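Structure file target_30.txt (compact mmCIF, C-alpha atoms) is printed below.
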```
# COMPACT_ATOMS: atom_id res chain seq x y z
CA MET A 1 13.89 -20.11 -4.73
CA PRO A 2 12.99 -22.03 -1.53
CA THR A 3 9.73 -23.91 -1.17
CA SER A 4 6.69 -21.90 -0.16
CA ALA A 5 6.06 -23.88 3.01
CA ALA A 6 7.89 -21.55 5.42
CA TRP A 7 6.23 -18.32 4.37
CA ASP A 8 2.91 -20.02 3.70
CA GLN A 9 2.70 -20.83 7.42
CA SER A 10 3.79 -17.31 8.48
CA VAL A 11 1.60 -15.36 10.88
CA PHE A 12 1.00 -12.78 8.16
CA LEU A 13 -0.39 -15.21 5.58
CA LYS A 14 -2.34 -17.11 8.23
CA ALA A 15 -4.01 -13.83 9.20
CA VAL A 16 -4.69 -13.09 5.53
CA ARG A 17 -6.51 -16.43 5.38
CA LYS A 18 -8.30 -15.67 8.69
CA GLU A 19 -6.63 -18.60 10.42
CA PRO A 20 -5.75 -18.47 14.15
CA THR A 21 -2.30 -17.05 14.94
CA PRO A 22 -0.29 -17.02 18.20
CA TYR A 23 -0.01 -13.22 17.95
CA THR A 24 -1.16 -10.44 15.65
CA PRO A 25 1.23 -9.89 12.72
CA ILE A 26 2.50 -6.39 12.04
CA TRP A 27 4.20 -4.64 9.15
CA LEU A 28 4.27 -0.92 8.38
CA MET A 29 3.75 1.13 5.28
CA ARG A 30 6.98 3.07 4.55
CA GLN A 31 8.73 0.80 7.04
CA ALA A 32 12.00 1.31 5.13
CA GLY A 33 11.48 5.07 4.88
CA ARG A 34 13.17 8.25 5.97
CA PHE A 35 12.88 7.63 9.70
CA LEU A 36 15.71 5.05 9.47
CA PRO A 37 19.28 6.42 9.65
CA ALA A 38 20.60 3.83 7.18
CA TYR A 39 18.01 4.89 4.60
CA ARG A 40 18.74 8.59 5.13
CA ALA A 41 22.44 7.94 4.64
CA LEU A 42 21.71 6.27 1.29
CA ARG A 43 19.38 9.06 0.21
CA ASP A 44 22.08 11.63 0.92
CA LYS A 45 24.11 9.95 -1.82
CA ILE A 46 21.52 8.62 -4.28
CA PRO A 47 18.40 10.33 -5.72
CA PHE A 48 15.17 8.53 -4.89
CA LEU A 49 14.32 7.29 -8.39
CA GLN A 50 17.87 6.07 -8.94
CA LEU A 51 17.57 4.16 -5.68
CA CYS A 52 14.29 2.59 -6.85
CA LYS A 53 16.03 1.52 -10.07
CA THR A 54 18.94 -0.18 -8.26
CA PRO A 55 17.60 -3.65 -7.34
CA ARG A 56 20.54 -4.62 -5.13
CA LEU A 57 20.04 -1.57 -2.91
CA CYS A 58 16.25 -2.03 -2.83
CA ALA A 59 16.76 -5.56 -1.53
CA GLU A 60 19.38 -4.51 1.02
CA ILE A 61 17.19 -1.72 2.38
CA MET A 62 14.18 -3.96 2.96
CA VAL A 63 16.10 -6.93 4.38
CA GLN A 64 17.92 -4.65 6.84
CA THR A 65 14.59 -3.07 7.79
CA VAL A 66 12.97 -6.41 8.56
CA GLU A 67 15.95 -7.44 10.66
CA ARG A 68 15.98 -4.11 12.53
CA LEU A 69 12.27 -3.77 13.21
CA LYS A 70 11.32 -7.47 13.64
CA VAL A 71 8.18 -7.01 11.55
CA ASP A 72 6.27 -10.00 10.20
CA ALA A 73 6.28 -9.12 6.49
CA ALA A 74 8.44 -7.21 4.04
CA ILE A 75 7.13 -4.95 1.30
CA LEU A 76 8.99 -4.38 -1.92
CA PHE A 77 11.06 -1.19 -1.88
CA SER A 78 9.81 0.78 -4.89
CA ASP A 79 7.42 3.60 -5.74
CA LEU A 80 3.83 3.75 -6.99
CA LEU A 81 4.69 5.97 -9.92
CA VAL A 82 7.47 4.02 -11.64
CA LEU A 83 4.73 2.19 -13.55
CA LEU A 84 3.84 5.36 -15.44
CA GLU A 85 7.22 6.07 -17.05
CA PRO A 86 7.01 3.29 -19.68
CA MET A 87 3.45 4.45 -20.34
CA GLY A 88 4.80 7.80 -21.50
CA PHE A 89 4.65 9.84 -18.28
CA PRO A 90 7.99 10.11 -16.48
CA VAL A 91 7.84 11.52 -12.96
CA GLU A 92 10.21 13.99 -11.36
CA TYR A 93 10.76 14.36 -7.63
CA THR A 94 11.40 17.97 -6.66
CA ALA A 95 12.55 19.11 -3.23
CA GLY A 96 9.60 20.16 -1.11
CA GLU A 97 7.01 19.33 -3.77
CA GLY A 98 7.16 15.55 -4.12
CA PRO A 99 6.30 13.82 -7.41
CA VAL A 100 5.51 16.05 -10.38
CA PHE A 101 4.32 15.25 -13.92
CA ALA A 102 5.35 18.06 -16.25
CA HIS A 103 2.59 17.45 -18.81
CA PRO A 104 -0.57 16.28 -17.02
CA ILE A 105 -3.62 14.73 -18.61
CA ARG A 106 -6.52 17.18 -18.89
CA THR A 107 -8.40 16.20 -22.09
CA SER A 108 -9.36 13.17 -24.13
CA GLN A 109 -6.47 13.99 -26.48
CA ASP A 110 -4.12 13.85 -23.49
CA VAL A 111 -5.46 10.40 -22.59
CA ASP A 112 -4.27 9.23 -26.01
CA ARG A 113 -0.70 10.04 -24.90
CA LEU A 114 -0.89 7.30 -22.25
CA ARG A 115 0.59 4.19 -23.86
CA GLU A 116 -0.52 0.62 -23.23
CA LEU A 117 1.87 -1.31 -21.01
CA ASP A 118 2.40 -4.18 -23.44
CA CYS A 119 5.89 -5.08 -22.23
CA LEU A 120 7.33 -5.02 -18.73
CA GLU A 121 10.97 -4.91 -19.84
CA PRO A 122 11.23 -1.19 -18.92
CA LEU A 123 10.27 -2.22 -15.37
CA HIS A 124 12.81 -5.04 -15.15
CA PHE A 125 14.45 -3.33 -12.17
CA VAL A 126 11.28 -3.80 -10.09
CA LEU A 127 11.03 -7.50 -10.88
CA GLU A 128 14.75 -7.98 -10.22
CA ALA A 129 14.29 -6.24 -6.86
CA VAL A 130 11.53 -8.75 -6.10
CA ARG A 131 13.81 -11.67 -6.90
CA LEU A 132 16.77 -10.32 -4.92
CA THR A 133 14.65 -9.35 -1.91
CA ARG A 134 12.88 -12.70 -1.83
CA ALA A 135 16.19 -14.57 -2.03
CA ALA A 136 17.73 -12.53 0.80
CA LEU A 137 14.79 -12.55 3.22
CA PRO A 138 14.33 -15.27 5.85
CA GLU A 139 12.05 -17.94 4.39
CA HIS A 140 9.36 -17.37 7.01
CA ILE A 141 8.97 -13.66 6.10
CA PRO A 142 6.50 -13.09 3.24
CA LEU A 143 7.24 -10.43 0.65
CA ILE A 144 4.45 -8.06 -0.39
CA GLY A 145 4.39 -6.46 -3.82
CA PHE A 146 2.29 -3.41 -4.64
CA ALA A 147 0.92 -0.96 -7.17
CA GLY A 148 -1.21 2.14 -7.18
CA ALA A 149 -4.90 1.64 -7.93
CA PRO A 150 -6.24 3.07 -11.19
CA PHE A 151 -7.91 6.07 -9.53
CA THR A 152 -4.85 7.06 -7.52
CA LEU A 153 -2.58 6.80 -10.56
CA ALA A 154 -5.12 8.71 -12.66
CA SER A 155 -5.31 11.50 -10.10
CA TYR A 156 -1.52 11.92 -10.15
CA LEU A 157 -1.56 12.08 -13.95
CA VAL A 158 -4.45 14.53 -14.15
CA GLU A 159 -3.45 16.82 -11.29
CA GLY A 160 0.23 16.65 -12.18
CA HIS A 161 1.13 16.03 -8.54
CA GLY A 162 -0.36 14.55 -5.38
CA GLY A 163 -2.28 15.92 -2.42
CA SER A 164 -4.64 18.51 -3.94
CA ASN A 165 -8.38 19.17 -3.98
CA PHE A 166 -8.60 16.97 -7.12
CA ARG A 167 -10.52 19.59 -9.08
CA HIS A 168 -8.89 18.65 -12.40
CA THR A 169 -9.49 14.95 -11.80
CA LYS A 170 -13.15 15.46 -10.95
CA ARG A 171 -13.67 17.84 -13.87
CA LEU A 172 -12.42 15.23 -16.34
CA MET A 173 -14.35 12.49 -14.57
CA TYR A 174 -17.64 14.41 -14.67
CA SER A 175 -17.33 16.21 -18.00
CA ASP A 176 -15.89 13.49 -20.23
CA PRO A 177 -16.94 10.01 -19.05
CA GLY A 178 -15.55 8.43 -22.22
CA ALA A 179 -12.08 9.85 -21.67
CA TRP A 180 -12.25 8.88 -18.01
CA ARG A 181 -13.22 5.31 -18.87
CA ALA A 182 -10.41 5.04 -21.41
CA LEU A 183 -7.90 6.37 -18.88
CA MET A 184 -9.04 4.04 -16.09
CA ASP A 185 -9.26 1.00 -18.38
CA ARG A 186 -5.72 1.54 -19.64
CA LEU A 187 -4.33 2.07 -16.15
CA GLY A 188 -6.25 -0.93 -14.81
CA ARG A 189 -4.79 -3.26 -17.43
CA ALA A 190 -1.29 -1.99 -16.66
CA VAL A 191 -1.72 -2.38 -12.89
CA ALA A 192 -3.03 -5.93 -13.20
CA HIS A 193 -0.20 -6.88 -15.57
CA PHE A 194 2.37 -5.36 -13.21
CA LEU A 195 1.02 -7.06 -10.07
CA VAL A 196 0.82 -10.48 -11.70
CA ALA A 197 4.42 -10.07 -12.87
CA GLN A 198 5.49 -9.29 -9.31
CA ILE A 199 3.76 -12.45 -8.10
CA GLN A 200 5.49 -14.49 -10.77
CA ALA A 201 8.81 -12.94 -9.73
CA GLY A 202 8.37 -14.04 -6.13
CA VAL A 203 6.05 -11.96 -3.91
CA GLN A 204 3.57 -13.82 -1.71
CA ALA A 205 0.87 -11.13 -1.59
CA VAL A 206 0.21 -7.72 -3.11
CA GLN A 207 -1.28 -4.46 -1.91
CA LEU A 208 -3.36 -2.15 -4.09
CA PHE A 209 -2.94 1.43 -2.85
CA ASP A 210 -5.93 3.68 -3.51
CA THR A 211 -4.49 6.52 -1.49
CA TRP A 212 -6.59 9.31 -2.99
CA ALA A 213 -9.98 7.59 -3.37
CA GLY A 214 -11.17 9.12 -0.09
CA CYS A 215 -11.77 12.42 -1.88
CA LEU A 216 -14.86 10.89 -3.51
CA SER A 217 -18.44 10.47 -2.39
CA PRO A 218 -19.80 6.91 -2.24
CA GLU A 219 -21.89 7.60 -5.35
CA ASP A 220 -18.89 8.81 -7.33
CA TYR A 221 -16.73 5.93 -6.10
CA ARG A 222 -19.34 3.41 -7.23
CA GLN A 223 -19.66 4.93 -10.70
CA TYR A 224 -16.16 6.11 -11.51
CA VAL A 225 -13.81 3.86 -9.53
CA LEU A 226 -15.31 0.58 -8.33
CA PRO A 227 -15.60 -1.18 -11.72
CA PHE A 228 -11.97 -0.52 -12.56
CA SER A 229 -10.56 -1.54 -9.18
CA ARG A 230 -12.71 -4.67 -9.26
CA ALA A 231 -11.33 -5.60 -12.69
CA VAL A 232 -7.76 -5.33 -11.39
CA ILE A 233 -8.49 -7.39 -8.30
CA GLN A 234 -10.30 -10.10 -10.24
CA ALA A 235 -7.31 -10.38 -12.57
CA VAL A 236 -4.81 -10.64 -9.69
CA GLU A 237 -6.42 -12.58 -6.85
CA PRO A 238 -6.30 -16.01 -8.47
CA ALA A 239 -2.49 -15.70 -8.32
CA ALA A 240 -2.03 -14.33 -4.77
CA PRO A 241 -3.96 -12.65 -1.95
CA LEU A 242 -4.52 -8.92 -2.29
CA VAL A 243 -4.78 -6.16 0.33
CA HIS A 244 -7.08 -3.38 -0.87
CA PHE A 245 -6.10 -0.18 0.93
CA THR A 246 -7.93 3.16 0.87
CA THR A 247 -7.80 6.23 3.07
CA GLY A 248 -9.80 9.29 3.96
CA ASN A 249 -13.46 8.30 3.80
CA PRO A 250 -14.85 5.45 5.95
CA ALA A 251 -18.19 5.72 4.13
CA LEU A 252 -16.50 4.01 1.17
CA LEU A 253 -15.67 0.80 3.05
CA PRO A 254 -18.71 -1.26 1.96
CA LEU A 255 -17.92 -0.30 -1.63
CA VAL A 256 -14.22 -1.08 -1.22
CA ARG A 257 -15.28 -4.52 -0.03
CA GLU A 258 -17.54 -4.83 -3.07
CA ALA A 259 -14.61 -3.97 -5.33
CA GLY A 260 -12.71 -6.84 -3.74
CA GLY A 261 -9.66 -7.84 -1.78
CA GLN A 262 -8.99 -10.72 0.59
CA VAL A 263 -7.82 -8.10 3.09
CA ILE A 264 -9.21 -4.57 3.42
CA GLY A 265 -6.80 -1.94 4.74
CA VAL A 266 -8.28 0.95 6.76
CA ASP A 267 -6.94 4.19 8.19
CA TRP A 268 -7.44 5.81 11.61
CA ARG A 269 -10.52 7.83 10.65
CA VAL A 270 -12.73 4.90 11.68
CA ARG A 271 -12.56 2.55 14.66
CA LEU A 272 -11.27 -0.87 13.70
CA ASP A 273 -14.33 -2.66 15.11
CA GLN A 274 -16.71 -0.37 13.21
CA ALA A 275 -14.71 -0.83 10.02
CA TRP A 276 -14.71 -4.61 10.35
CA ARG A 277 -18.48 -4.65 10.81
CA GLN A 278 -18.89 -2.57 7.64
CA ILE A 279 -16.48 -4.73 5.67
CA GLY A 280 -17.80 -8.05 6.95
CA TYR A 281 -16.08 -10.63 9.14
CA ASP A 282 -15.50 -12.91 6.15
CA ARG A 283 -12.66 -10.56 5.13
CA ALA A 284 -9.41 -9.95 6.95
CA ILE A 285 -8.65 -6.38 8.00
CA GLN A 286 -5.42 -4.40 8.13
CA GLY A 287 -4.80 -1.32 10.29
CA ASN A 288 -5.15 1.15 11.75
CA LEU A 289 -2.94 3.20 14.12
CA ASP A 290 -2.57 6.90 13.33
CA PRO A 291 1.10 7.40 12.31
CA ALA A 292 1.23 10.53 14.50
CA VAL A 293 0.90 8.32 17.58
CA LEU A 294 4.47 7.20 16.91
CA LEU A 295 5.62 10.78 17.59
CA THR A 296 4.61 10.47 21.27
CA ASP A 297 6.20 8.01 23.71
CA PRO A 298 6.16 4.22 24.28
CA PRO A 299 3.54 4.23 27.11
CA PHE A 300 1.06 6.16 24.95
CA ILE A 301 1.84 3.97 21.93
CA ARG A 302 1.21 0.90 24.06
CA ARG A 303 -2.19 2.21 25.21
CA ARG A 304 -3.27 2.91 21.64
CA VAL A 305 -2.10 -0.55 20.53
CA GLN A 306 -4.15 -2.11 23.32
CA GLU A 307 -7.25 -0.17 22.23
CA ILE A 308 -6.97 -1.36 18.64
CA LEU A 309 -6.32 -4.96 19.69
CA GLN A 310 -9.39 -4.82 21.94
CA GLN A 311 -11.44 -3.57 19.00
CA ALA A 312 -10.20 -6.52 16.94
CA GLY A 313 -11.61 -8.75 19.66
CA ALA A 314 -9.08 -11.58 19.20
CA ARG A 315 -10.90 -12.43 15.96
CA PRO A 316 -8.67 -14.20 13.38
CA GLY A 317 -7.78 -12.03 10.42
CA HIS A 318 -6.32 -8.85 11.93
CA ILE A 319 -3.03 -7.54 10.53
CA PHE A 320 -1.69 -4.59 12.51
CA ASN A 321 -0.48 -1.62 10.49
CA LEU A 322 -0.61 2.15 10.45
CA GLY A 323 -3.39 4.02 8.70
CA HIS A 324 -0.74 5.46 6.38
CA GLY A 325 3.05 5.48 6.12
CA VAL A 326 5.56 6.05 8.92
CA LEU A 327 6.27 9.78 9.22
CA PRO A 328 9.88 10.81 8.48
CA GLU A 329 10.43 12.39 11.90
CA THR A 330 9.37 9.24 13.80
CA PRO A 331 11.95 8.06 16.39
CA VAL A 332 13.20 4.57 15.58
CA GLU A 333 12.82 3.50 19.21
CA ASN A 334 9.10 4.29 19.02
CA VAL A 335 8.67 1.99 16.01
CA LEU A 336 10.50 -0.75 17.90
CA ALA A 337 8.21 -0.14 20.88
CA LEU A 338 5.17 -0.43 18.61
CA VAL A 339 6.24 -3.79 17.16
CA ASP A 340 7.07 -5.14 20.62
CA ALA A 341 3.73 -3.95 22.02
CA VAL A 342 1.72 -5.53 19.20
CA HIS A 343 3.50 -8.85 19.59
CA GLU A 344 3.39 -8.94 23.38
CA LEU A 345 -0.13 -7.66 23.98
CA SER A 346 -1.73 -9.67 21.19
CA ALA A 347 0.01 -12.87 22.31
CA ARG A 348 -1.39 -12.32 25.78
CA SER A 349 -4.88 -11.62 24.43
CA LEU A 350 -4.94 -14.50 21.97
CA SER A 351 -3.74 -16.96 24.60
CA GLY A 352 -6.59 -15.91 26.88
CA ASP A 353 -4.39 -14.36 29.59
```
In structure tokens, how does this file's structure come out?
Amino acid sequence: MPTSAAWDQSVFLKAVRKEPTPYTPIWLMRQAGRFLPAYRALRDKIPFLQLCKTPRLCAEIMVQTVERLKVDAAILFSDLLVLLEPMGFPVEYTAGEGPVFAHPIRTSQDVDRLRELDCLEPLHFVLEAVRLTRAALPEHIPLIGFAGAPFTLASYLVEGHGGSNFRHTKRLMYSDPGAWRALMDRLGRAVAHFLVAQIQAGVQAVQLFDTWAGCLSPEDYRQYVLPFSRAVIQAVEPAAPLVHFTTGNPALLPLVREAGGQVIGVDWRVRLDQAWRQIGYDRAIQGNLDPAVLLTDPPFIRRRVQEILQQAGARPGHIFNLGHGVLPETPVENVLALVDAVHELSARSLSGD
């Protein structure tokens, strides 16, 4: 593995550390996703989970994506839910329904079915993908690892799928606090173990995705989520910087900051300047273009980029990203226009022009 000097001085990691940069770095969630023809061609031949378990292809997909889009960081090609299979809960991806768990957790007895992640050997394909991707990337491009946060993983396990009203999750959370604590503790230990292993395998930073936490009130987040996310972050951050990303409820941002993260990722439901004030200027911020903007045209994309950059106020510590993943129907040329606009307009702003 090359020395860390090249990626350590990258615009992405400088922004993470809130150091001045010549332009605002940008990377995109799902930047190697279904909007790219090369990815779609692979997916026509290989099921998604098989693709995730083929390290060589994971590395090729991300390296080609970085080269094509000219983004400033790569993120490991994998999936949030692969962590749960060695814990006793294999996931299936069904057409039109997304990820499904056939036997969800609904009771304290069900929680007992979730095994401790004592050994990462069943996830060797993820760590090998880290090593291959890191070796193939240009040295100045940092690689980001990731995992789902305990609450988001718990909600998948309890609901049996994603994107619901979370009634089963909240029922367990409210009615059996002991079972909820056991579930979140076990998931938290696994997530921390997994993220540290990714760092040891070669990533330069990690992102903790709490995609579903926005369904909660601030009071519920503080009681049922914050302690477990904080435990993960405290276990991981000594090894590498961590981006703590949530969506759906801007009222949670002060609590997300309290849970931790060197960088706080925000979605489009709050202005970037308002979010940064809530988070505190001692933290870096990541975000926050609405992915639907990329379905319009380059002039409109450029105007929205300019608005977000103005809200950042040329303050060190802004990493441009979407408020969620790139939508599958997004034209590739619009993503290229976005990256160009962020680089060009931020360079002009940061130079004082």
Using only C-alpha atoms, which of A:Thr65, A:Thr169, A:Pro150, A:Ala190 sits nearest Pro227 (chain A)?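 When distances to Pro227 (chain A) are compared using only C-alpha atoms, the smallest one comes from A:Pro150.
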Select, counting all atoms listed in the file, all protein, DNA and RNA residues no farther than 6 Å from (4.9, 16.0, -4.6) in file coordinates, and express the selection as number ranges by chain. A: 97-100, 161-162
With distances taken over all atoms listed in the file, which of A:Asn249, A:Ala312, A:Leu123, A:Ala6 is nearest to Trp276 (chain A)?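 Nearest candidate to Trp276 (chain A) out of A:Asn249, A:Ala312, A:Leu123, A:Ala6: A:Ala312.
Residues in contact range of Gln31 (chain A), defined as at most 8 Å between only C-alpha atoms, with sequence neighbours fewer than 4 positions away removed, read Trp27, Thr65, Gly325 and Val326 of chain A.
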For Thr296 (chain A), find every residue with an atom within 12 Å (counting all atoms listed in the file), except residues of its own chain fewer than 2 positions away, and show them as a PyMOL selection string. chain A and resi 290-294+298-304+329-335+337-338
Write a file of the selected residues as a tab-separated table (two decimals), in the coordinates of the input, keeping C-alpha atoms.
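Once written, result-v3.tsv looks like this:
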```
chain	number	residue	atom	x	y	z
A	290	ASP	CA	-2.57	6.90	13.33
A	291	PRO	CA	1.10	7.40	12.31
A	292	ALA	CA	1.23	10.53	14.50
A	293	VAL	CA	0.90	8.32	17.58
A	294	LEU	CA	4.47	7.20	16.91
A	298	PRO	CA	6.16	4.22	24.28
A	299	PRO	CA	3.54	4.23	27.11
A	300	PHE	CA	1.06	6.16	24.95
A	301	ILE	CA	1.84	3.97	21.93
A	302	ARG	CA	1.21	0.90	24.06
A	303	ARG	CA	-2.19	2.21	25.21
A	304	ARG	CA	-3.27	2.91	21.64
A	329	GLU	CA	10.43	12.39	11.90
A	330	THR	CA	9.37	9.24	13.80
A	331	PRO	CA	11.95	8.06	16.39
A	332	VAL	CA	13.20	4.57	15.58
A	333	GLU	CA	12.82	3.50	19.21
A	334	ASN	CA	9.10	4.29	19.02
A	335	VAL	CA	8.67	1.99	16.01
A	337	ALA	CA	8.21	-0.14	20.88
A	338	LEU	CA	5.17	-0.43	18.61
```
List as a ChimeraX atom specification the protein and nucleic acid residues near Ala235 (chain A), meaning an atom at most 12 Å away when only C-alpha atoms are counted, but skip any in the same chain fewer than 4 places from it. /A:188-197,228-231,239-242,260-261
Could you check which of A:Cys119, A:Pro90, A:Thr247, A:Thr133 is closest to Gln64 (chain A), using only C-alpha atoms? A:Thr133
Using only C-alpha atoms, the shortest atom-to-atom distance to Val243 (chain A) among A:Leu42, A:Met184, A:Leu272, A:Ala147 belongs to A:Ala147
Counting all atoms listed in the file, give me one row per residue of region 91-210 of chain A with an atom at most 10 Å from an atom of region 262-271 of chain A, showing the shortest contact pair and its distance in Å to one decimal, sorted by chain then residue number, as a Markdown table.
```
| residue | atom | partner | partner_atom | distance |
| --- | --- | --- | --- | --- |
| A:Gln207 | CA | A:Val263 | CA | 9.0 |
| A:Leu208 | CA | A:Gly265 | CA | 9.5 |
| A:Phe209 | CA | A:Gly265 | CA | 9.2 |
```
Please build the interface table for region 96-148 of chain A against region 83-87 of chain A with a cut-off of 12 Å, listing for each qualifying residue the nearest atom pair and the distance in Å to one decimal; count all atoms listed in the file, order rows by chain and increasing number, and write it as CSV.
```
residue,atom,partner,partner_atom,distance
A:Pro99,CA,A:Leu84,CA,11.9
A:Val100,CA,A:Leu84,CA,11.9
A:Phe101,CA,A:Leu84,CA,10.0
A:Pro104,CA,A:Leu84,CA,11.9
A:Val111,CA,A:Met87,CA,10.9
A:Asp112,CA,A:Met87,CA,10.7
A:Arg113,CA,A:Met87,CA,8.3
A:Leu114,CA,A:Met87,CA,5.5
A:Arg115,CA,A:Met87,CA,4.5
A:Glu116,CA,A:Met87,CA,6.2
A:Leu117,CA,A:Met87,CA,6.0
A:Asp118,CA,A:Met87,CA,9.2
A:Cys119,CA,A:Pro86,CA,8.8
A:Leu120,CA,A:Pro86,CA,8.4
A:Glu121,CA,A:Pro86,CA,9.1
A:Pro122,CA,A:Pro86,CA,6.2
A:Leu123,CA,A:Leu83,CA,7.3
A:His124,CA,A:Leu83,CA,11.0
A:Phe125,CA,A:Leu83,CA,11.3
A:Val126,CA,A:Leu83,CA,9.5
A:Leu127,CA,A:Leu83,CA,11.9
A:Phe146,CA,A:Leu83,CA,10.8
A:Ala147,CA,A:Leu83,CA,8.1
A:Gly148,CA,A:Leu83,CA,8.7
```
Leu345 (chain A) proximity check over A:Glu307, A:His324, A:Thr211, A:Asp79, using all atoms listed in the file: winner is A:Glu307
Kindly list the centre and edge lengths in Å, rounded to one decimal, for the axis-aligned box that covers all listed atoms of region 199-208 of chain A plus 6 Å on each of its six sides, as lines of an AutoDock Vina configuration file.
```
center_x = 2.7
center_y = -8.3
center_z = -6.2
size_x = 24.2
size_y = 24.3
size_z = 21.2
```
